[in-house]
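Chemist: Contents of structure14.pdb (PDB, C-alpha atoms) are given next:
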ATOM      1  CA  MET J 247       6.269  22.945  12.899
ATOM      2  CA  VAL J 248       6.283  20.852   9.751
ATOM      3  CA  LYS J 249       8.405  17.775   9.162
ATOM      4  CA  ALA J 250       9.158  17.239   5.515
ATOM      5  CA  TYR J 251      11.318  14.751   3.736
ATOM      6  CA  SER J 252      11.955  13.593   0.220
ATOM      7  CA  GLN J 253      13.182  10.333  -1.216
ATOM      8  CA  GLU J 254      14.280   9.151  -4.625
ATOM      9  CA  HIS J 255      14.294   5.581  -5.860
ATOM     10  CA  THR J 256      15.287   4.072  -9.191
ATOM     11  CA  TYR J 257      13.256   1.133 -10.429
ATOM     12  CA  LYS J 258      15.244  -0.832 -12.976
ATOM     13  CA  HIS J 259      12.064  -1.393 -14.937
ATOM     14  CA  PRO J 260      10.487   0.638 -17.762
ATOM     15  CA  TRP J 261       8.012   3.395 -16.918
ATOM     16  CA  GLU J 262       5.050   1.451 -18.351
ATOM     17  CA  ARG J 263       5.711  -1.494 -16.023
ATOM     18  CA  VAL J 264       6.266   0.663 -12.936
ATOM     19  CA  THR J 265       3.089   2.665 -13.474
ATOM     20  CA  SER J 266       1.127  -0.564 -14.076
ATOM     21  CA  ALA J 267       2.527  -1.870 -10.789
ATOM     22  CA  SER J 268       1.446   1.323  -9.044
ATOM     23  CA  TRP J 269      -2.166   0.770 -10.127
ATOM     24  CA  ARG J 270      -2.144  -2.894  -9.097
ATOM     25  CA  LYS J 271      -0.178  -2.830  -5.834
ATOM     26  CA  PHE J 272      -3.196  -2.488  -3.525
ATOM     27  CA  ALA J 273      -5.280  -5.132  -5.305
ATOM     28  CA  ASP J 274      -2.747  -7.962  -5.290
ATOM     29  CA  PRO J 275      -3.521 -10.413  -2.434
ATOM     30  CA  GLU J 276       0.194 -11.133  -1.913
ATOM     31  CA  ASN J 277       0.689  -7.506  -0.870
ATOM     32  CA  LYS J 278      -1.978  -7.479   1.856
ATOM     33  CA  HIS J 279       0.497  -8.508   4.568
ATOM     34  CA  THR J 280       3.203  -6.030   3.577
ATOM     35  CA  LEU J 281       0.696  -3.195   3.148
ATOM     36  CA  SER J 282      -1.332  -4.126   6.237
ATOM     37  CA  HIS J 283      -1.797  -0.426   7.086
ATOM     38  CA  ILE J 284      -3.988  -0.094   3.954
ATOM     39  CA  LEU J 285      -7.537  -1.124   4.838
ATOM     40  CA  GLN J 286      -9.485  -0.196   1.705
ATOM     41  CA  VAL J 287      -9.025   1.522  -1.655
ATOM     42  CA  ASP J 288     -11.951   2.715  -3.765
ATOM     43  CA  THR J 289     -11.866   4.527  -7.095
ATOM     44  CA  LEU J 290     -14.182   7.518  -6.840
ATOM     45  CA  ASN J 291     -13.822   8.738 -10.404
ATOM     46  CA  HIS J 292     -11.655   8.565 -13.472
ATOM     47  CA  LYS J 293     -11.584  10.595 -16.632
ATOM     48  CA  LEU J 294      -9.573  10.224 -19.805
ATOM     49  CA  GLU J 295      -9.163  13.435 -21.768
ATOM     50  CA  SER J 296      -9.150  12.461 -25.408
ATOM     51  CA  ASP J 297      -7.449  15.719 -26.485
ATOM     52  CA  SER J 298      -4.434  15.469 -24.206
ATOM     53  CA  GLY J 299      -4.456  11.723 -23.559
ATOM     54  CA  LYS J 300      -4.216  12.392 -19.816
ATOM     55  CA  LEU J 301      -5.897  10.096 -17.319
ATOM     56  CA  TYR J 302      -7.213  11.665 -14.119
ATOM     57  CA  THR J 303      -8.313   9.495 -11.200
ATOM     58  CA  THR J 304      -9.390  10.044  -7.639
ATOM     59  CA  ARG J 305      -9.251   7.245  -5.099
ATOM     60  CA  ALA J 306     -10.338   7.050  -1.470
ATOM     61  CA  ILE J 307      -7.858   5.213   0.716
ATOM     62  CA  THR J 308      -8.603   4.098   4.257
ATOM     63  CA  ILE J 309      -5.586   3.333   6.427
ATOM     64  CA  HIS J 310      -4.675   2.554   9.994
ATOM     65  CA  ALA J 311      -3.980   5.987  11.464
ATOM     66  CA  PRO J 312      -0.311   6.872  11.119
ATOM     67  CA  GLY J 313       1.919   7.781  14.000
ATOM     68  CA  PRO J 314       2.564   6.455  17.465
ATOM     69  CA  TRP J 315      -0.077   4.568  19.425
ATOM     70  CA  PHE J 316      -0.415   7.350  22.017
ATOM     71  CA  LEU J 317      -1.402   9.835  19.295
ATOM     72  CA  ARG J 318      -4.219   7.485  18.218
ATOM     73  CA  LYS J 319      -5.329   7.333  21.872
ATOM     74  CA  ILE J 320      -5.367  11.132  22.122
ATOM     75  CA  VAL J 321      -7.475  11.596  18.986
ATOM     76  CA  GLY J 322      -9.696   8.592  19.747
ATOM     77  CA  GLN J 323      -9.515   7.187  16.231
ATOM     78  CA  ASP J 324      -7.328   4.528  14.697
ATOM     79  CA  ILE J 325      -8.333   4.855  11.042
ATOM     80  CA  CYS J 326      -7.716   7.688   8.651
ATOM     81  CA  HIS J 327      -9.441   8.493   5.366
ATOM     82  CA  CYS J 328      -7.287   9.903   2.585
ATOM     83  CA  VAL J 329      -7.827  11.041  -0.971
ATOM     84  CA  GLU J 330      -5.373  10.286  -3.755
ATOM     85  CA  SER J 331      -5.427  12.271  -6.997
ATOM     86  CA  THR J 332      -3.476  10.867  -9.919
ATOM     87  CA  VAL J 333      -2.590  12.317 -13.304
ATOM     88  CA  VAL J 334      -1.043  10.051 -15.920
ATOM     89  CA  ASP J 335       0.319  11.639 -19.067
ATOM     90  CA  ALA J 336       1.179   8.830 -21.469
ATOM     91  CA  LYS J 337       2.572  11.273 -24.038
ATOM     92  CA  THR J 338       5.235  12.657 -21.700
ATOM     93  CA  ARG J 339       5.412   9.381 -19.728
ATOM     94  CA  SER J 340       4.730  10.970 -16.368
ATOM     95  CA  MET J 341       2.583   9.758 -13.485
ATOM     96  CA  GLN J 342       1.921  12.088 -10.560
ATOM     97  CA  LEU J 343       0.107  11.119  -7.371
ATOM     98  CA  ALA J 344      -0.906  13.484  -4.577
ATOM     99  CA  THR J 345      -2.372  12.048  -1.386
ATOM    100  CA  LYS J 346      -3.615  13.878   1.701
ATOM    101  CA  ASN J 347      -5.627  12.960   4.734
ATOM    102  CA  LEU J 348      -9.265  14.019   4.994
ATOM    103  CA  SER J 349      -9.941  12.797   8.503
ATOM    104  CA  LEU J 350      -7.942  13.781  11.582
ATOM    105  CA  GLN J 351      -7.111  17.135   9.953
ATOM    106  CA  LYS J 352      -7.646  19.049  13.164
ATOM    107  CA  TYR J 353      -4.803  16.987  14.675
ATOM    108  CA  VAL J 354      -2.453  16.183  11.816
ATOM    109  CA  GLU J 355      -2.019  17.157   8.168
ATOM    110  CA  VAL J 356      -0.163  14.805   5.882
ATOM    111  CA  GLU J 357       0.541  15.416   2.227
ATOM    112  CA  GLU J 358       2.457  13.038   0.006
ATOM    113  CA  LYS J 359       3.460  13.612  -3.604
ATOM    114  CA  ILE J 360       4.945  10.894  -5.790
ATOM    115  CA  ARG J 361       6.128  11.247  -9.343
ATOM    116  CA  TYR J 362       7.233   8.494 -11.739
ATOM    117  CA  ASP J 363       9.250   9.498 -14.813
ATOM    118  CA  PRO J 364      11.626   7.717 -17.176
ATOM    119  CA  HIS J 365      15.119   7.788 -15.656
ATOM    120  CA  PRO J 366      17.385  10.266 -17.495
ATOM    121  CA  ASP J 367      20.270   7.747 -17.592
ATOM    122  CA  ASN J 368      18.153   4.970 -19.125
ATOM    123  CA  PRO J 369      14.753   6.373 -20.241
ATOM    124  CA  THR J 370      13.526   3.169 -21.885
ATOM    125  CA  GLY J 371      14.622   0.756 -19.163
ATOM    126  CA  TRP J 372      14.479   2.529 -15.800
ATOM    127  CA  THR J 373      12.025   4.697 -13.891
ATOM    128  CA  ILE J 374      12.821   7.326 -11.301
ATOM    129  CA  CYS J 375      10.414   7.783  -8.410
ATOM    130  CA  ARG J 376      10.499  11.030  -6.462
ATOM    131  CA  GLN J 377       8.502  11.200  -3.252
ATOM    132  CA  GLU J 378       7.901  14.234  -1.037
ATOM    133  CA  THR J 379       6.019  14.014   2.248
ATOM    134  CA  SER J 380       5.110  16.695   4.768
ATOM    135  CA  ILE J 381       3.611  16.079   8.204
ATOM    136  CA  ARG J 382       2.277  18.728  10.541
ATOM    137  CA  ILE J 383       0.883  18.083  14.017
ATOM    138  CA  LYS J 384      -1.606  20.864  14.686
ATOM    139  CA  PRO J 385      -3.002  21.089  18.232
ATOM    140  CA  LEU J 386       0.377  20.699  19.837
ATOM    141  CA  SER J 387       1.947  23.638  18.046
ATOM    142  CA  LYS J 388       2.122  25.499  21.349
ATOM    143  CA  LEU J 389       3.997  22.570  22.857
ATOM    144  CA  ALA J 390       6.669  22.595  20.186
ATOM    145  CA  SER J 391       8.977  19.988  21.714
ATOM    146  CA  MET J 392       6.159  17.439  22.047
ATOM    147  CA  ALA J 393       4.848  18.240  18.574
ATOM    148  CA  GLU J 394       8.342  17.763  17.133
ATOM    149  CA  LYS J 395       8.661  14.344  18.779
ATOM    150  CA  ILE J 396       5.265  13.234  17.493
ATOM    151  CA  GLU J 397       6.045  14.548  14.006
ATOM    152  CA  GLN J 398       9.345  12.648  14.066
ATOM    153  CA  LYS J 399       7.541   9.419  15.069
ATOM    154  CA  CYS J 400       5.086   9.996  12.212
ATOM    155  CA  VAL J 401       7.951  10.566   9.769
ATOM    156  CA  GLU J 402       9.601   7.328  10.907
ATOM    157  CA  LYS J 403       6.336   5.408  10.379
ATOM    158  CA  PHE J 404       5.823   6.953   6.934
ATOM    159  CA  GLN J 405       9.393   6.106   5.937
ATOM    160  CA  GLN J 406       8.840   2.496   7.047
ATOM    161  CA  ASN J 407       5.643   2.357   4.989
ATOM    162  CA  SER J 408       7.444   3.924   2.003
ATOM    163  CA  ALA J 409      10.046   1.157   2.173
ATOM    164  CA  LYS J 410       7.227  -1.405   2.238
ATOM    165  CA  GLY J 411       5.648   0.330  -0.766
ATOM    166  CA  ARG J 412       8.910   0.149  -2.720
ATOM    167  CA  GLU J 413       9.205  -3.553  -1.830
ATOM    168  CA  VAL J 414       5.684  -4.165  -3.146
ATOM    169  CA  MET J 415       6.364  -2.134  -6.303
ATOM    170  CA  GLU J 416       9.522  -4.160  -7.022
ATOM    171  CA  ARG J 417       7.598  -7.408  -6.517
ATOM    172  CA  MET J 418       4.766  -6.206  -8.767
ATOM    173  CA  CYS J 419       7.238  -5.124 -11.470
ATOM    174  CA  LYS J 420       8.890  -8.550 -11.443
ATOM    175  CA  TYR J 421       5.469 -10.197 -11.582
ATOM    176  CA  LEU J 422       4.436  -8.000 -14.536
ATOM    177  CA  GLU J 423       7.747  -8.685 -16.273
ATOM    178  CA  ALA J 424       7.231 -12.454 -15.919
ATOM    179  CA  GLU J 425       3.587 -12.129 -16.996
ATOM    180  CA  SER J 426       4.459 -10.131 -20.115
ATOM    181  CA  SER J 427       7.345 -12.371 -21.148
ATOM    182  CA  SER J 428       5.132 -15.464 -20.858
ATOM    183  CA  ARG J 429       2.680 -13.742 -23.220
ATOM    184  CA  GLY J 430       5.368 -12.294 -25.456
ATOM    185  CA  ILE J 431       4.303  -8.728 -24.576
ATOM    186  CA  SER J 432       6.761  -5.954 -23.766
ATOM    187  CA  VAL J 433       5.575  -4.055 -20.660
TER     188      VAL J 433
END
Render the structure in this file as structure tokens.
Modeler:
Amino acid sequence: MVKAYSQEHTYKHPWERVTSASWRKFADPENKHTLSHILQVDTLNHKLESDSGKLYTTRAITIHAPGPWFLRKIVGQDICHCVESTVVDAKTRSMQLATKNLSLQKYVEVEEKIRYDPHPDNPTGWTICRQETSIRIKPLSKLASMAEKIEQKCVEKFQQNSAKGREVMERMCKYLEAESSSRGISV
């Protein structure tokens, strides 16, 4: 059984500001409390293709293991290592992130995809964020009712963390807006 959900959010900020906020959200000390489930973020590699102008990055993200406390007790681990792959296309003004867990895969598979694009109703002033997440509990597949309950608890936790992420992104966008206006820069 797989639990999947999607969300859409409109940031009333230009694409350049929102994508800048996305890069900076984990590093800002003010966000540590809100994003307390994020333990560490390391950039593993980055490459800028001069022909296409696309930026490719890979980051390792260590988090408190998602899901209910009893699931962490069952698997005997309370941290999870994830990999995030990002493609930024400045020409088309698109940023795509794909994150999946590397550890705990024999128990749970989580895949999250986020895409930031200029909003069709206001392409120079707003950004639309589309997020898709799928969660699959593996060893309990034979016990479908229990697996469904655990998957639902995981979905609820991920949705809570998504709301926290949007809160941080809004705060970062406002910070970047204030920073750029004090410098006379439009970002």
Chemist: Could you please determine the separation between atom CA of J:Thr370 and atom CA of J:Gly411 in Å, to one decimal place?
Modeler: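 It comes out at 22.7 Å.
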Chemist: Smallest atom-to-atom distance to J:Thr332: which of J:Glu276, J:Glu425, J:Glu262, J:Glu358, using all atoms listed in the file?
Modeler: J:Glu358
Chemist: Could you state which residues are captured by the PyMOL selection byres ((chain J and resi 412) around 12) in this file, as an mmCIF file with C-alpha atoms, in the coordinates of the input?
Modeler:
data_model
loop_
_atom_site.group_PDB
_atom_site.id
_atom_site.type_symbol
_atom_site.label_atom_id
_atom_site.label_comp_id
_atom_site.auth_asym_id
_atom_site.auth_seq_id
_atom_site.Cartn_x
_atom_site.Cartn_y
_atom_site.Cartn_z
ATOM 1 C CA GLN J 253 13.182 10.333 -1.216
ATOM 2 C CA GLU J 254 14.280 9.151 -4.625
ATOM 3 C CA HIS J 255 14.294 5.581 -5.860
ATOM 4 C CA THR J 256 15.287 4.072 -9.191
ATOM 5 C CA TYR J 257 13.256 1.133 -10.429
ATOM 6 C CA VAL J 264 6.266 0.663 -12.936
ATOM 7 C CA ALA J 267 2.527 -1.870 -10.789
ATOM 8 C CA SER J 268 1.446 1.323 -9.044
ATOM 9 C CA LYS J 271 -0.178 -2.830 -5.834
ATOM 10 C CA ASN J 277 0.689 -7.506 -0.870
ATOM 11 C CA THR J 280 3.203 -6.030 3.577
ATOM 12 C CA LEU J 281 0.696 -3.195 3.148
ATOM 13 C CA ILE J 360 4.945 10.894 -5.790
ATOM 14 C CA ILE J 374 12.821 7.326 -11.301
ATOM 15 C CA CYS J 375 10.414 7.783 -8.410
ATOM 16 C CA ARG J 376 10.499 11.030 -6.462
ATOM 17 C CA GLN J 377 8.502 11.200 -3.252
ATOM 18 C CA GLN J 405 9.393 6.106 5.937
ATOM 19 C CA GLN J 406 8.840 2.496 7.047
ATOM 20 C CA ASN J 407 5.643 2.357 4.989
ATOM 21 C CA SER J 408 7.444 3.924 2.003
ATOM 22 C CA ALA J 409 10.046 1.157 2.173
ATOM 23 C CA LYS J 410 7.227 -1.405 2.238
ATOM 24 C CA GLY J 411 5.648 0.330 -0.766
ATOM 25 C CA GLU J 413 9.205 -3.553 -1.830
ATOM 26 C CA VAL J 414 5.684 -4.165 -3.146
ATOM 27 C CA MET J 415 6.364 -2.134 -6.303
ATOM 28 C CA GLU J 416 9.522 -4.160 -7.022
ATOM 29 C CA ARG J 417 7.598 -7.408 -6.517
ATOM 30 C CA MET J 418 4.766 -6.206 -8.767
ATOM 31 C CA CYS J 419 7.238 -5.124 -11.470
#
Chemist: For the structure provided, state which residues fall under the PyMOL selection byres ((chain J and resi 298) around 12), and present them as an MDAnalysis selection string.
Modeler: chainID J and resid 293:297 299:302 333:338
Chemist: Excluding J:Lys346 and residues on its chain fewer than 5 positions from it, collect all residues at most 10 Å away from it, counting all atoms listed in the file, and give them as a ChimeraX atom specification.
Modeler: /J:307,327-331,351,355-359,379-381
Chemist: What's the separation between atom CA of J:Tyr421 and atom CA of J:Arg263, in Å to one decimal place?
Modeler: 9.8 Å
Chemist: Looking at J:Asp288, J:Ser266, J:Val248, J:Lys258, which one is nearest to J:His365, with distances taken over only C-alpha atoms?
Modeler: J:Lys258
Chemist: Find the smallest box with edges along x, y and z containing every listed atom of stretch 287-306 of chain J, then add 4 Å on each side and report centre and edge lengths in Å to one decimal, as lines of an AutoDock Vina configuration file.
Modeler:
center_x = -9.2
center_y = 8.6
center_z = -14.0
size_x = 18.0
size_y = 22.2
size_z = 33.0
Chemist: For a quick check of understanding, using only C-alpha atoms, which of J:Cys326, J:Met341, J:Ala273, J:Ile284 has the smallest distance to J:Thr303?
Modeler: J:Met341
Chemist: Find the residue from J:Pro369, J:Leu422, J:His310, J:Glu397 that sits nearest to J:Tyr353; use only C-alpha atoms when measuring.
Modeler: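 Closest candidate: J:Glu397.
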Chemist: Identify which of the residues J:Ala306, J:Leu285, J:Ala344, J:Ile396 lies closest to J:Tyr362, counting all atoms listed in the file when measuring atom-to-atom distances.
Modeler: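 The closest residue to J:Tyr362 is J:Ala344.
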